[in-house]
file query_2.txt (compact mmCIF, C-alpha atoms (C1' of nucleotides))
# COMPACT_ATOMS: atom_id res chain seq x y z
CA MET Y 915 0.00 0.00 0.00
CA LEU Y 916 1.24 3.46 -0.88
CA LYS Y 917 1.63 6.22 1.67
CA SER Y 918 -0.91 8.44 -0.07
CA ASP Y 919 -3.45 8.16 -2.81
CA LEU Y 920 -2.93 10.34 -5.90
CA ARG Y 921 -6.46 11.64 -5.48
CA ILE Y 922 -5.64 12.89 -2.00
CA THR Y 923 -2.54 14.68 -3.24
CA LYS Y 924 -4.50 16.31 -6.01
CA THR Y 925 -7.28 17.40 -3.68
CA LYS Y 926 -4.89 18.87 -1.13
CA GLN Y 927 -2.95 20.72 -3.81
CA ALA Y 928 -6.12 22.24 -5.21
CA LEU Y 929 -7.24 23.36 -1.75
CA GLU Y 930 -3.88 24.85 -0.83
CA GLU Y 931 -3.68 26.70 -4.11
CA ALA Y 932 -7.18 28.08 -3.63
CA LEU Y 933 -6.36 29.24 -0.11
CA LEU Y 934 -3.17 30.96 -1.22
CA THR Y 935 -5.05 32.71 -4.01
CA LEU Y 936 -7.74 33.94 -1.63
CA LEU Y 937 -5.12 35.08 0.88
CA GLN Y 938 -3.83 37.57 -1.66
CA GLU Y 939 -7.12 39.42 -1.77
CA LYS Y 940 -8.54 39.08 1.73
CA PRO Y 941 -7.54 38.18 5.32
CA LEU Y 942 -7.60 34.56 6.46
CA LYS Y 943 -10.35 35.35 8.93
CA SER Y 944 -12.86 36.29 6.25
CA ILE Y 945 -12.28 33.25 4.05
CA SER Y 946 -14.90 30.52 4.32
CA ILE Y 947 -14.55 26.81 3.73
CA THR Y 948 -17.34 26.99 1.21
CA GLU Y 949 -15.42 29.65 -0.70
CA ILE Y 950 -12.17 27.67 -0.82
CA CYS Y 951 -13.98 24.56 -2.04
CA ARG Y 952 -15.86 26.50 -4.68
CA LEU Y 953 -12.61 27.93 -6.06
CA ALA Y 954 -10.74 24.62 -5.79
CA LYS Y 955 -13.64 22.76 -7.37
CA ILE Y 956 -13.59 20.30 -4.50
CA ASN Y 957 -16.67 19.04 -2.72
CA ARG Y 958 -17.10 20.59 0.70
CA GLY Y 959 -17.49 17.14 2.21
CA THR Y 960 -14.07 16.26 0.86
CA PHE Y 961 -12.57 19.20 2.70
CA TYR Y 962 -13.86 17.83 5.99
CA LEU Y 963 -12.42 14.45 5.04
CA HIS Y 964 -8.91 15.91 5.32
CA TYR Y 965 -9.23 18.98 7.51
CA GLY Y 966 -11.37 20.12 10.39
CA GLN Y 967 -11.02 23.81 9.69
CA ILE Y 968 -9.28 26.31 7.42
CA GLU Y 969 -6.50 26.68 9.95
CA ASP Y 970 -5.49 23.04 9.47
CA LEU Y 971 -5.07 23.66 5.76
CA PHE Y 972 -2.95 26.72 6.46
CA GLU Y 973 -0.80 24.70 8.86
CA GLU Y 974 0.14 22.33 6.08
CA TYR Y 975 1.47 25.25 4.05
CA TYR Y 976 3.13 26.51 7.22
CA LYS Y 977 5.20 23.35 7.51
CA GLU Y 978 6.79 23.94 4.11
CA ILE Y 979 8.08 27.27 5.36
CA MET Y 980 9.31 25.74 8.61
CA LYS Y 981 11.38 23.45 6.45
CA ASP Y 982 13.10 26.47 4.91
CA LEU Y 983 13.68 27.95 8.35
CA THR Y 984 15.47 24.81 9.48
CA ASP Y 985 17.55 24.70 6.33
CA SER Y 986 18.66 28.32 6.55
CA TYR Y 987 19.37 27.94 10.23
CA GLN Y 988 21.54 24.91 9.74
CA GLU Y 989 23.47 26.44 6.87
CA PRO Y 990 26.39 27.64 9.10
CA TYR Y 991 26.82 24.05 10.29
CA ARG Y 992 27.42 22.72 6.80
CA HIS Y 993 31.12 23.59 6.89
CA ALA Y 994 31.97 23.46 10.58
CA ASP Y 995 30.67 20.82 12.90
CA ILE Y 996 30.92 22.98 15.98
CA LEU Y 997 30.63 26.72 15.87
CA ASN Y 998 32.71 29.14 17.88
CA THR Y 999 30.42 29.89 20.80
CA LYS Y 1000 32.34 33.02 21.67
CA LYS Y 1001 30.66 34.67 18.72
CA LEU Y 1002 27.18 35.79 19.63
CA ASN Y 1003 24.72 33.10 18.51
CA PRO Y 1004 26.09 33.05 14.98
CA SER Y 1005 23.61 30.45 13.86
CA THR Y 1006 20.58 32.14 15.37
CA ILE Y 1007 21.34 35.10 13.22
CA ARG Y 1008 19.95 33.61 9.98
CA ILE Y 1009 16.44 33.62 11.37
CA PHE Y 1010 15.92 37.31 10.65
CA HIS Y 1011 16.77 36.84 6.99
CA HIS Y 1012 14.35 33.97 6.78
CA ILE Y 1013 11.55 36.07 8.29
CA GLU Y 1014 12.33 38.92 5.94
CA THR Y 1015 12.06 36.61 2.95
CA TYR Y 1016 8.65 35.35 3.99
CA LYS Y 1017 7.31 38.51 5.58
CA ASN Y 1018 3.96 38.32 3.80
CA PHE Y 1019 3.49 34.96 5.39
CA TYR Y 1020 4.63 36.08 8.84
CA ARG Y 1021 2.31 39.04 8.80
CA ILE Y 1022 -0.44 36.45 8.92
CA VAL Y 1023 1.28 34.29 11.53
CA PHE Y 1024 1.62 37.22 13.92
CA SER Y 1025 -1.81 38.71 13.27
CA ARG Y 1026 -4.27 38.93 16.15
CA THR Y 1027 -7.08 36.78 14.83
CA VAL Y 1028 -4.99 33.76 13.95
CA PRO Y 1029 -4.87 30.80 16.39
CA MET Y 1030 -2.02 30.38 18.87
CA SER Y 1031 -1.08 27.11 17.16
CA TYR Y 1032 0.76 29.08 14.47
CA TYR Y 1033 2.89 30.70 17.13
CA TYR Y 1034 3.70 27.32 18.62
CA LEU Y 1035 4.79 25.92 15.27
CA LEU Y 1036 7.38 28.68 15.05
CA PHE Y 1037 8.27 28.63 18.72
CA ASN Y 1038 8.85 24.86 18.77
CA GLN Y 1039 10.95 25.04 15.65
CA VAL Y 1040 13.22 27.79 16.97
CA GLN Y 1041 13.43 26.09 20.34
CA ASP Y 1042 14.54 22.83 18.73
CA LEU Y 1043 17.15 24.61 16.64
CA LEU Y 1044 18.55 26.39 19.69
CA LYS Y 1045 18.92 23.13 21.57
CA ARG Y 1046 21.74 22.19 19.24
CA ASP Y 1047 23.87 25.09 20.49
CA MET Y 1048 22.64 24.54 23.99
CA GLU Y 1049 24.42 21.26 24.53
CA LEU Y 1050 27.76 22.95 24.06
CA LYS Y 1051 27.55 25.36 26.94
CA LEU Y 1052 25.50 23.18 29.20
CA LYS Y 1053 27.40 22.92 32.41
CA SER Y 1054 24.69 24.65 34.44
CA SER Y 1055 21.89 22.92 36.30
CA VAL Y 1056 19.23 24.70 34.28
CA ASP Y 1057 16.66 22.56 32.47
CA PRO Y 1058 17.57 22.75 28.74
CA ALA Y 1059 13.90 22.92 27.78
CA MET Y 1060 13.45 25.99 29.97
CA LEU Y 1061 16.63 27.66 28.76
CA SER Y 1062 15.84 27.13 25.10
CA ALA Y 1063 12.24 28.22 25.67
CA TYR Y 1064 13.55 31.42 27.22
CA GLN Y 1065 15.93 32.19 24.40
CA ALA Y 1066 13.66 31.10 21.56
CA ASN Y 1067 10.80 33.22 22.76
CA ALA Y 1068 13.06 36.19 23.44
CA ILE Y 1069 13.95 36.17 19.75
CA LEU Y 1070 10.29 35.81 18.80
CA GLY Y 1071 9.69 38.89 20.93
CA LEU Y 1072 12.11 40.82 18.77
CA ILE Y 1073 10.38 39.51 15.67
CA ILE Y 1074 6.97 40.55 16.96
CA GLU Y 1075 8.25 44.05 17.62
CA TRP Y 1076 9.86 44.02 14.20
CA GLY Y 1077 6.54 42.97 12.69
CA ARG Y 1078 4.83 45.87 14.46
CA ASN Y 1079 7.16 48.12 12.50
CA ASP Y 1080 6.03 46.14 9.46
CA PHE Y 1081 9.55 44.71 9.10
CA GLN Y 1082 10.99 48.11 8.21
CA GLN Y 1083 14.49 47.50 9.54
CA PRO Y 1084 16.77 45.33 7.37
CA ALA Y 1085 17.49 41.86 8.74
CA GLU Y 1086 21.11 42.87 9.19
CA ASP Y 1087 20.08 45.62 11.61
CA MET Y 1088 18.12 43.07 13.61
CA ASN Y 1089 21.24 40.98 13.94
CA LEU Y 1090 23.17 43.94 15.32
CA LEU Y 1091 20.30 44.72 17.66
CA LEU Y 1092 20.33 41.21 19.07
CA VAL Y 1093 24.06 41.43 19.68
CA ARG Y 1094 23.65 44.76 21.45
CA ILE Y 1095 20.86 43.47 23.66
CA LEU Y 1096 22.93 40.52 24.77
CA ASN Y 1097 25.74 42.92 25.60
CA ILE Y 1098 23.48 45.12 27.71
CA GLN Y 1099 22.53 42.18 29.84
CA ILE Y 1100 26.20 41.61 30.56
CA GLU Y 1101 27.16 45.23 31.23
CA SER Y 1102 24.28 45.84 33.61
CA ARG Y 1103 25.78 43.33 36.06
CA GLY Y 1104 29.46 44.24 35.68
CA MET J 1426 -25.26 61.35 30.48
CA LEU J 1427 -23.95 58.38 32.42
CA LYS J 1428 -20.98 56.35 31.27
CA SER J 1429 -23.01 53.17 31.00
CA ASP J 1430 -26.59 52.11 31.16
CA LEU J 1431 -27.57 49.72 33.95
CA ARG J 1432 -29.08 47.41 31.36
CA ILE J 1433 -25.75 47.14 29.60
CA THR J 1434 -23.97 46.29 32.82
CA LYS J 1435 -26.53 43.64 33.62
CA THR J 1436 -26.36 42.12 30.15
CA LYS J 1437 -22.58 41.97 30.16
CA GLN J 1438 -22.48 40.43 33.60
CA ALA J 1439 -24.94 37.73 32.59
CA LEU J 1440 -22.93 36.93 29.46
CA GLU J 1441 -19.61 36.79 31.30
CA GLU J 1442 -21.07 34.57 33.99
CA ALA J 1443 -22.52 32.23 31.37
CA LEU J 1444 -19.20 32.01 29.55
CA LEU J 1445 -17.29 31.25 32.75
CA THR J 1446 -19.80 28.56 33.64
CA LEU J 1447 -19.50 26.93 30.22
CA LEU J 1448 -15.70 27.14 30.37
CA GLN J 1449 -15.73 24.81 33.35
CA GLU J 1450 -17.30 21.99 31.37
CA LYS J 1451 -15.93 22.45 27.86
CA PRO J 1452 -13.16 24.21 25.90
CA LEU J 1453 -13.68 27.74 24.62
CA LYS J 1454 -13.51 26.51 21.06
CA SER J 1455 -16.63 24.39 21.34
CA ILE J 1456 -18.79 27.05 22.95
CA SER J 1457 -21.22 28.80 20.62
CA ILE J 1458 -22.69 32.27 20.89
CA THR J 1459 -26.16 30.76 20.76
CA GLU J 1460 -25.28 28.59 23.74
CA ILE J 1461 -23.97 31.46 25.87
CA CYS J 1462 -27.04 33.56 25.14
CA ARG J 1463 -29.37 30.70 25.93
CA LEU J 1464 -27.71 30.18 29.31
CA ALA J 1465 -27.49 33.90 30.06
CA LYS J 1466 -31.08 34.42 28.96
CA ILE J 1467 -29.96 37.22 26.69
CA ASN J 1468 -31.17 37.68 23.15
CA ARG J 1469 -28.56 36.71 20.59
CA GLY J 1470 -29.00 40.03 18.85
CA THR J 1471 -28.04 41.75 22.09
CA PHE J 1472 -24.78 39.82 22.14
CA TYR J 1473 -23.89 41.24 18.74
CA LEU J 1474 -24.81 44.68 20.04
CA HIS J 1475 -21.83 44.51 22.42
CA TYR J 1476 -19.46 41.93 20.98
CA GLY J 1477 -18.49 40.67 17.58
CA GLN J 1478 -17.44 37.22 18.71
CA ILE J 1479 -16.99 35.08 21.82
CA GLU J 1480 -13.34 36.06 21.98
CA ASP J 1481 -14.29 39.70 22.59
CA LEU J 1482 -16.33 38.64 25.60
CA PHE J 1483 -13.43 36.60 26.92
CA GLU J 1484 -11.10 39.57 26.43
CA GLU J 1485 -13.20 41.64 28.77
CA TYR J 1486 -12.71 39.05 31.49
CA TYR J 1487 -9.06 38.94 30.50
CA LYS J 1488 -8.62 42.59 31.31
CA GLU J 1489 -9.70 42.06 34.90
CA ILE J 1490 -6.86 39.61 35.32
CA MET J 1491 -4.38 41.92 33.61
CA LYS J 1492 -5.29 44.45 36.29
CA ASP J 1493 -4.18 41.99 38.96
CA LEU J 1494 -0.97 41.33 37.09
CA THR J 1495 -0.13 45.01 37.08
CA ASP J 1496 -0.96 45.35 40.75
CA SER J 1497 1.17 42.41 41.84
CA TYR J 1498 3.99 43.55 39.62
CA GLN J 1499 4.03 47.02 41.05
CA GLU J 1500 3.83 45.83 44.63
CA PRO J 1501 7.64 46.05 45.18
CA TYR J 1502 7.48 49.70 44.13
CA ARG J 1503 5.02 50.62 46.85
CA HIS J 1504 7.74 51.13 49.46
CA ALA J 1505 10.77 52.09 47.39
CA ASP J 1506 10.58 54.44 44.47
CA ILE J 1507 13.58 52.98 42.72
CA LEU J 1508 14.64 49.39 43.12
CA ASN J 1509 18.17 48.17 43.39
CA THR J 1510 18.92 47.11 39.86
CA LYS J 1511 21.87 45.02 40.96
CA LYS J 1512 19.36 42.47 42.18
CA LEU J 1513 18.12 40.35 39.33
CA ASN J 1514 14.86 41.83 38.05
CA PRO J 1515 13.30 41.84 41.52
CA SER J 1516 10.02 43.20 40.27
CA THR J 1517 9.68 40.83 37.35
CA ILE J 1518 9.71 38.05 39.83
CA ARG J 1519 6.10 38.45 40.99
CA ILE J 1520 4.79 37.44 37.60
CA PHE J 1521 5.23 33.73 38.28
CA HIS J 1522 3.12 33.93 41.41
CA HIS J 1523 0.43 35.73 39.49
CA ILE J 1524 0.38 33.06 36.79
CA GLU J 1525 0.23 30.33 39.39
CA THR J 1526 -2.78 31.94 41.03
CA TYR J 1527 -4.69 32.11 37.78
CA LYS J 1528 -3.38 28.97 36.16
CA ASN J 1529 -6.83 27.74 35.09
CA PHE J 1530 -7.20 30.95 33.17
CA TYR J 1531 -3.72 30.80 31.64
CA ARG J 1532 -4.22 27.25 30.50
CA ILE J 1533 -6.81 28.74 28.16
CA VAL J 1534 -4.66 31.71 27.17
CA PHE J 1535 -1.81 29.43 26.11
CA SER J 1536 -3.97 26.80 24.44
CA ARG J 1537 -3.51 26.16 20.74
CA THR J 1538 -6.96 27.02 19.43
CA VAL J 1539 -7.24 30.43 21.07
CA PRO J 1540 -6.51 33.54 18.99
CA MET J 1541 -3.13 35.27 19.12
CA SER J 1542 -4.81 38.38 20.53
CA TYR J 1543 -4.79 36.79 23.98
CA TYR J 1544 -1.06 36.36 23.76
CA TYR J 1545 -0.65 39.99 22.77
CA LEU J 1546 -2.70 41.19 25.72
CA LEU J 1547 -0.25 39.48 28.05
CA PHE J 1548 2.81 40.36 26.02
CA ASN J 1549 1.93 44.04 25.86
CA GLN J 1550 1.22 44.15 29.56
CA VAL J 1551 4.53 42.57 30.56
CA GLN J 1552 6.38 44.70 28.04
CA ASP J 1553 4.88 47.86 29.50
CA LEU J 1554 5.76 46.80 33.02
CA LEU J 1555 9.34 46.08 32.04
CA LYS J 1556 9.75 49.49 30.49
CA ARG J 1557 9.64 51.01 33.96
CA ASP J 1558 12.88 49.26 34.91
CA MET J 1559 14.29 49.82 31.49
CA GLU J 1560 14.68 53.58 31.79
CA LEU J 1561 17.10 53.15 34.67
CA LYS J 1562 19.78 51.24 32.83
CA LEU J 1563 19.24 52.80 29.47
CA LYS J 1564 22.55 54.20 28.41
CA SER J 1565 22.77 51.95 25.35
CA SER J 1566 21.61 52.83 21.86
CA VAL J 1567 19.12 49.98 21.77
CA ASP J 1568 15.50 50.79 21.01
CA PRO J 1569 13.62 50.41 24.34
CA ALA J 1570 10.65 48.84 22.56
CA MET J 1571 12.92 46.16 21.13
CA LEU J 1572 14.71 45.52 24.40
CA SER J 1573 11.53 45.22 26.41
CA ALA J 1574 9.97 43.06 23.71
CA TYR J 1575 12.96 40.76 23.93
CA GLN J 1576 12.84 40.45 27.70
CA ALA J 1577 9.07 40.29 28.04
CA ASN J 1578 8.76 37.52 25.51
CA ALA J 1579 11.69 35.62 27.00
CA ILE J 1580 9.76 35.43 30.25
CA LEU J 1581 6.63 34.37 28.38
CA GLY J 1582 8.75 31.59 26.87
CA LEU J 1583 9.49 30.33 30.35
CA ILE J 1584 5.80 30.52 31.21
CA ILE J 1585 4.84 28.58 28.10
CA GLU J 1586 7.32 25.85 28.99
CA TRP J 1587 6.02 25.93 32.55
CA GLY J 1588 2.49 25.56 31.21
CA ARG J 1589 3.57 22.53 29.18
CA ASN J 1590 4.52 20.96 32.50
CA ASP J 1591 1.02 21.98 33.61
CA PHE J 1592 2.57 24.46 36.09
CA GLN J 1593 4.05 21.66 38.18
CA GLN J 1594 7.01 23.63 39.55
CA PRO J 1595 6.26 26.11 42.35
CA ALA J 1596 6.49 29.76 41.35
CA GLU J 1597 9.47 30.14 43.65
CA ASP J 1598 11.41 27.58 41.61
CA MET J 1599 10.63 29.55 38.48
CA ASN J 1600 12.15 32.63 40.07
CA LEU J 1601 15.34 30.73 40.82
CA LEU J 1602 15.37 29.36 37.32
CA LEU J 1603 15.14 32.83 35.82
CA VAL J 1604 18.05 34.00 37.96
CA ARG J 1605 20.14 31.00 36.88
CA ILE J 1606 19.40 31.56 33.19
CA LEU J 1607 20.48 35.18 33.39
CA ASN J 1608 23.69 34.03 35.06
CA ILE J 1609 24.43 31.52 32.31
CA GLN J 1610 24.26 34.22 29.69
CA ILE J 1611 26.95 36.10 31.59
CA GLU J 1612 29.25 33.16 32.25
CA SER J 1613 29.23 31.91 28.69
CA ARG J 1614 30.98 35.05 27.51
CA GLY J 1615 33.48 35.52 30.35
C1' DT C 137 -6.64 -6.46 -17.99
C1' DT C 138 -9.97 -7.20 -14.16
C1' DT C 139 -10.91 -6.84 -9.41
C1' DT C 140 -10.73 -4.54 -5.16
C1' DT C 141 -10.30 -0.66 -2.49
C1' DT C 142 -11.35 3.88 -1.28
C1' DA C 143 -11.56 8.92 -2.31
C1' DT C 144 -14.81 11.94 -4.07
C1' DT C 145 -19.33 13.49 -5.04
C1' DG C 146 -24.10 15.49 -4.63
C1' DA C 147 -27.70 15.91 -1.83
C1' DA C 148 -29.87 16.51 2.30
C1' DC C 149 -30.16 17.88 7.19
C1' DA C 150 -30.08 20.39 11.69
C1' DT C 151 -27.49 23.99 13.63
C1' DT C 152 -24.98 28.29 14.01
C1' DT C 153 -23.81 32.70 12.30
C1' DG C 154 -24.38 37.45 11.25
C1' DT C 155 -27.62 40.94 10.14
C1' DC C 156 -31.93 43.33 10.19
C1' DT C 157 -36.50 44.81 11.43
C1' DA C 158 -40.47 46.86 14.37
C1' DA C 159 -42.31 46.33 19.07
C1' DT C 160 -41.38 46.55 23.82
C1' DA C 161 -39.46 47.58 28.19
C1' DA C 162 -36.20 49.59 31.05
C1' DA C 163 -33.40 53.34 32.43
C1' DA C 164 -32.14 58.31 32.37
C1' DA C 165 -33.48 63.03 32.16
C1' DG C 166 -36.79 66.57 32.78
C1' DC E 741 -44.20 61.45 38.09
C1' DT E 742 -43.83 62.12 33.11
C1' DT E 743 -41.25 62.32 29.11
C1' DT E 744 -37.48 61.03 26.41
C1' DT E 745 -34.00 58.08 25.20
C1' DT E 746 -32.21 53.73 24.15
C1' DA E 747 -31.20 48.80 25.29
C1' DT E 748 -33.41 44.62 24.68
C1' DT E 749 -36.45 41.52 22.42
C1' DA E 750 -38.76 38.16 19.10
C1' DG E 751 -38.78 36.97 14.69
C1' DA E 752 -37.17 36.42 10.18
C1' DC E 753 -33.51 35.90 6.75
C1' DA E 754 -29.53 34.21 3.76
C1' DA E 755 -25.35 32.11 4.38
C1' DA E 756 -21.95 28.98 6.38
C1' DT E 757 -21.01 25.02 9.27
C1' DG E 758 -20.56 20.30 10.37
C1' DT E 759 -22.28 15.75 9.56
C1' DT E 760 -24.24 11.80 7.10
C1' DC E 761 -25.62 8.85 3.06
C1' DA E 762 -25.62 6.03 -1.01
C1' DA E 763 -23.79 6.45 -5.71
C1' DT E 764 -19.86 7.09 -8.45
C1' DA E 765 -15.31 7.39 -10.20
C1' DA E 766 -10.58 7.02 -9.71
C1' DA E 767 -6.58 4.71 -8.10
C1' DA E 768 -4.13 0.56 -6.38
C1' DA E 769 -3.59 -4.35 -6.35
C1' DA E 770 -4.24 -8.75 -8.51
call {"tool": "encode", "arguments": {"input": "query_2.txt", "output": "structure tokens"}}
result
Amino acid sequence: MLKSDLRITKTKQALEEALLTLLQEKPLKSISITEICRLAKINRGTFYLHYGQIEDLFEEYYKEIMKDLTDSYQEPYRHADILNTKKLNPSTIRIFHHIETYKNFYRIVFSRTVPMSYYYLLFNQVQDLLKRDMELKLKSSVDPAMLSAYQANAILGLIIEWGRNDFQQPAEDMNLLLVRILNIQIESRG
Amino acid sequence: MLKSDLRITKTKQALEEALLTLLQEKPLKSISITEICRLAKINRGTFYLHYGQIEDLFEEYYKEIMKDLTDSYQEPYRHADILNTKKLNPSTIRIFHHIETYKNFYRIVFSRTVPMSYYYLLFNQVQDLLKRDMELKLKSSVDPAMLSAYQANAILGLIIEWGRNDFQQPAEDMNLLLVRILNIQIESRG
DNA sequence: TTTTTTATTGAACATTTGTCTAATAAAAAG
DNA sequence: CTTTTTATTAGACAAATGTTCAATAAAAAA
């Protein structure tokens, strides 16, 4: 038995394409299931066969972008197995470029009416990526899950603020900003 | 003219009470407007006169709790006008106790199906509170909005992870954890 | 190819949503 | 207390939701 029927693939593709088309003209919140199915020429019952709500369909598209995030994050590791940890989170730094590339998408992710699950998809991804660096400097008794949650969400905080400025600053400036913030935290205890 | 009609107050109270009752037996997501109105004995049209969706009703309840957060946060300031900044974020520290007190509420706030707006309500509140401390140590060229966004969301990251453990750890442990994490960030660059 | 499996369809259904009326009742203002 | 203002109501409406069914068509397996 095959992992997925061709008909399923075709149906899902049609639905995703329809959603993406509709997203270009109106906000996610105002798009109905009926509308997507009408455009995709898919029976509404078929939609419910694969998804429970529009958000589930969007999440599938979301995962493609998370794949790119992981790839761009891991790029610095392709040449060196272990990065110089003296440099300020050198690997973290690619995340801002990734967000900038997909800012139309992230405007949706960070919008008020969207479900928290989108935030978690991003949060979990960044947290997982950070854990790789974590192991290196882990002499402390702090729970790695807690530490990575702290750092991952701190960065998401910057991104939210960035998004509030409609991603005006270049990604490179955000990198510098992150470095400066980390320095402040050191100075203030000197 | 008075700020609000008695009828409005009564209606809103009835709706909030109905929502809170329903929340004890089922998740927010599965509660319908029709259901709330039926229980509150309020005409459905009246609901739409005050709110656009269930989430708006929940947000009104949310704001009561945000009031308590602000109060408990500002408690350390009641006796001293300026806190010793050498101590690790002494004022921040009350937030974990607040969350613990209202953990049934925060389980909803951090649940996957809820809209991002709930997250923003909390994020904005914590960010505002942090800005008070911020001014003291602000010699750097970093945008205060960015810095407070970073720190506020970092703490929310800890709370999310805490929530994943269903708030098992005592709030006091979370305080210690926060102190340890801040120390790690210093050590790792010595 | 033929057979078997199963995804999709159209149609129907009860329910909820969001919006709108004119009638009513409650509160505020005089 | 009387008048004025306005919040609430019941009812109706088109649309969307969520679910179910037997019939059909497409894909996988033989």
call {"tool": "residues_around", "arguments": {"input": "query_2.txt", "residues": "E:DA770", "least_positions_apart": "4", "cutoff": "9 Å", "atoms": "all atoms listed in the file", "output": "ChimeraX atom specification"}}
result
/C:138-140
call {"tool": "residues_around", "arguments": {"input": "query_2.txt", "residues": "stretch 1065-1075 of chain Y", "least_positions_apart": "4", "cutoff": "10 Å", "atoms": "only C-alpha atoms (C1' of nucleotides)", "output": "VMD selection string"}}
result
(chain Y and resid 1006 to 1007 1009 to 1010 1013 to 1014 1020 to 1021 1024 to 1025 1033 1036 to 1045 1060 to 1061 1079 to 1081 1088 1091 to 1092) or (chain J and resid 1545 1548 1552 1570 to 1583 1585 1606)
call {"tool": "residues_around", "arguments": {"input": "query_2.txt", "residues": "C:DT152", "least_positions_apart": "5", "cutoff": "10 Å", "atoms": "all atoms listed in the file", "output": "short mmCIF file (atom, residue, chain, number, x, y, z; two decimals) with C-alpha atoms (C1' of nucleotides), in the coordinates of the input"}}
result
data_model
loop_
_atom_site.label_atom_id
_atom_site.label_comp_id
_atom_site.auth_asym_id
_atom_site.auth_seq_id
_atom_site.Cartn_x
_atom_site.Cartn_y
_atom_site.Cartn_z
CA SER J 1457 -21.22 28.80 20.62
CA ILE J 1458 -22.69 32.27 20.89
CA THR J 1459 -26.16 30.76 20.76
CA GLU J 1460 -25.28 28.59 23.74
"C1'" DA E 756 -21.95 28.98 6.38
"C1'" DT E 757 -21.01 25.02 9.27
"C1'" DG E 758 -20.56 20.30 10.37
#
call {"tool": "closest_residue", "arguments": {"input": "query_2.txt", "among": "Y:Tyr975, Y:Phe1019, Y:Tyr987, Y:Phe961", "to": "C:DA143", "atoms": "all atoms listed in the file"}}
result
Y:Phe961
call {"tool": "closest_atom_pairs", "arguments": {"input": "query_2.txt", "of": "chain J", "to": "chain E", "cutoff": "7 Å", "atoms": "only C-alpha atoms (C1' of nucleotides)", "output": "Markdown table"}}
result
| residue | atom | partner | partner_atom | distance |
| --- | --- | --- | --- | --- |
| J:Arg1432 | CA | E:DA747 | C1' | 6.6 |
| J:Asn1468 | CA | E:DT749 | C1' | 6.6 |
| J:Thr1471 | CA | E:DT748 | C1' | 6.6 |
call {"tool": "atom_distance", "arguments": {"input": "query_2.txt", "atom1": "atom CA of Y:Ile979", "atom2": "atom CA of Y:Arg1008"}}
result
14.2 Å
call {"tool": "decode", "arguments": {"input": "query_2.txt", "residues": "stretch 144-153 of chain C", "atoms": "N, CA, C and O atoms (P, O5', C5', C4', C3', O3' and C1' of nucleotides)", "output": "short mmCIF file (atom, residue, chain, number, x, y, z; two decimals), in the first residue's frame"}}
result
data_model
loop_
_atom_site.label_atom_id
_atom_site.label_comp_id
_atom_site.auth_asym_id
_atom_site.auth_seq_id
_atom_site.Cartn_x
_atom_site.Cartn_y
_atom_site.Cartn_z
P DT C 144 -9.95 12.70 -1.99
"O5'" DT C 144 -11.32 12.78 -2.79
"C5'" DT C 144 -11.31 12.61 -4.21
"C4'" DT C 144 -12.73 12.65 -4.73
"C3'" DT C 144 -13.51 13.91 -4.35
"O3'" DT C 144 -13.82 14.64 -5.54
"C1'" DT C 144 -14.81 11.94 -4.07
P DT C 145 -14.60 16.01 -5.43
"O5'" DT C 145 -16.11 15.56 -5.62
"C5'" DT C 145 -16.49 14.82 -6.78
"C4'" DT C 145 -17.94 14.36 -6.64
"C3'" DT C 145 -18.92 15.49 -6.31
"O3'" DT C 145 -19.72 15.75 -7.45
"C1'" DT C 145 -19.33 13.49 -5.04
P DG C 146 -20.42 17.17 -7.63
"O5'" DG C 146 -21.91 16.87 -7.18
"C5'" DG C 146 -22.63 15.80 -7.77
"C4'" DG C 146 -23.87 15.49 -6.95
"C3'" DG C 146 -24.68 16.72 -6.54
"O3'" DG C 146 -26.06 16.40 -6.69
"C1'" DG C 146 -24.10 15.49 -4.63
P DA C 147 -27.20 17.53 -6.66
"O5'" DA C 147 -28.36 16.83 -5.83
"C5'" DA C 147 -28.22 15.48 -5.34
"C4'" DA C 147 -28.62 15.41 -3.88
"C3'" DA C 147 -29.37 16.63 -3.35
"O3'" DA C 147 -30.69 16.25 -2.98
"C1'" DA C 147 -27.70 15.91 -1.83
P DA C 148 -31.78 17.33 -2.51
"O5'" DA C 148 -31.92 16.99 -0.96
"C5'" DA C 148 -31.91 15.64 -0.50
"C4'" DA C 148 -31.51 15.59 0.95
"C3'" DA C 148 -32.21 16.63 1.83
"O3'" DA C 148 -33.05 15.97 2.78
"C1'" DA C 148 -29.87 16.51 2.30
P DC C 149 -34.12 16.81 3.64
"O5'" DC C 149 -33.36 17.07 5.01
"C5'" DC C 149 -32.88 15.97 5.80
"C4'" DC C 149 -31.99 16.49 6.91
"C3'" DC C 149 -32.54 17.75 7.59
"O3'" DC C 149 -33.21 17.37 8.78
"C1'" DC C 149 -30.16 17.88 7.19
P DA C 150 -34.05 18.50 9.60
"O5'" DA C 150 -33.02 18.86 10.76
"C5'" DA C 150 -32.34 17.83 11.48
"C4'" DA C 150 -31.24 18.45 12.32
"C3'" DA C 150 -31.71 19.62 13.20
"O3'" DA C 150 -31.02 19.59 14.43
"C1'" DA C 150 -30.08 20.39 11.69
P DT C 151 -31.30 20.68 15.58
"O5'" DT C 151 -30.08 21.71 15.44
"C5'" DT C 151 -28.73 21.23 15.53
"C4'" DT C 151 -27.75 22.33 15.22
"C3'" DT C 151 -28.04 23.66 15.94
"O3'" DT C 151 -26.96 23.94 16.81
"C1'" DT C 151 -27.49 23.99 13.63
P DT C 152 -26.92 25.21 17.76
"O5'" DT C 152 -25.97 26.22 16.94
"C5'" DT C 152 -24.70 25.78 16.48
"C4'" DT C 152 -24.08 26.87 15.62
"C3'" DT C 152 -24.16 28.27 16.25
"O3'" DT C 152 -22.86 28.83 16.27
"C1'" DT C 152 -24.98 28.29 14.01
P DT C 153 -22.57 30.28 16.82
"O5'" DT C 153 -22.53 31.16 15.50
"C5'" DT C 153 -21.72 30.77 14.40
"C4'" DT C 153 -21.94 31.71 13.23
"C3'" DT C 153 -21.88 33.19 13.61
"O3'" DT C 153 -20.90 33.83 12.80
"C1'" DT C 153 -23.81 32.70 12.30
#
